[in-house]
Amino acid sequence: MLNEFKTFIMRGNVMDLAVGIIMGAAFTAIVTSMVDDLVNPLLGIFIGGIDFSSLSFGIGDAQFMYGNFINAIIKFVVIAWVVFLLVKGLNKMKDMAIRKEEVAAANAPAAPTQEELLTDIRDLLARKV
């Protein structure tokens, strides 16, 4: 059972997932800083200096911090935009690589036909006899 677990853990997709989660956590700190320190102040300029994180209303003892919800939406949109740009860039690089392969394949000399290969083999055998 231990060997089976070791095999499972060492699979490439499990390791890729672990790396992705770690990178995602690190990326979250960057996006949080970007939204809190750059985007919110910029939006605040356009909408009269409102700080979203302090927006709230209360009903009885319950306090609804809808400003934090707005911040979460902004963070989501920023993350989605960055991921979109990453995927778009990777797809473009992948398409360029595929095009290079297609051009190389189109410019490659044609492979000999079966008849040509058999003729060459026949000629080589005839020379050895």
# chains A, B, ... in the order shown; residues from 1 in each chain; ligands from 1

call {"tool": "select_by_dssp", "arguments": {"residues": "range 12-111 of chain A", "states": "strand (DSSP E)", "output": "ChimeraX atom specification"}}
result
/A:57-59,62-64

call {"tool": "write_last_selection", "arguments": {"atoms": "N, CA and C atoms", "output": "CSV table (one decimal), in the first residue's frame"}}
result
chain,number,residue,atom,x,y,z
A,57,PHE,N,-23.9,48.2,5.9
A,57,PHE,CA,-25.1,48.7,6.5
A,57,PHE,C,-25.5,47.7,7.6
A,58,GLY,N,-26.3,48.1,8.5
A,58,GLY,CA,-26.7,47.2,9.6
A,58,GLY,C,-28.2,47.1,9.7
A,59,ILE,N,-28.6,45.9,10.1
A,59,ILE,CA,-30.0,45.6,10.4
A,59,ILE,C,-30.0,44.9,11.8
A,62,ALA,N,-26.9,42.7,13.1
A,62,ALA,CA,-26.2,42.2,11.9
A,62,ALA,C,-25.6,43.3,11.1
A,63,GLN,N,-24.3,43.2,10.8
A,63,GLN,CA,-23.6,44.2,10.0
A,63,GLN,C,-23.3,43.5,8.6
A,64,PHE,N,-23.7,44.1,7.5
A,64,PHE,CA,-23.5,43.6,6.2
A,64,PHE,C,-22.4,44.5,5.5

call {"tool": "select_by_dssp", "arguments": {"residues": "chain A", "states": "helix (DSSP H, G or I)", "output": "ChimeraX atom specification"}}
result
/A:2-9,12-46,52-54,66-107,114-128

call {"tool": "residues_around", "arguments": {"residues": "range 36-46 of chain A", "least_positions_apart": "3", "cutoff": "12 Å", "atoms": "only C-alpha atoms", "output": "PyMOL selection string"}}
result
chain A and resi 28-33+49-54+67-68+70-75+77-78

call {"tool": "atom_distance", "arguments": {"atom1": "CA of Ala25 in chain A", "atom2": "CA of Ser56 in chain A"}}
result
27.6 Å

call {"tool": "atom_distance", "arguments": {"atom1": "CA of Lys92 in chain A", "atom2": "CA of Ala108 in chain A"}}
result
24.1 Å
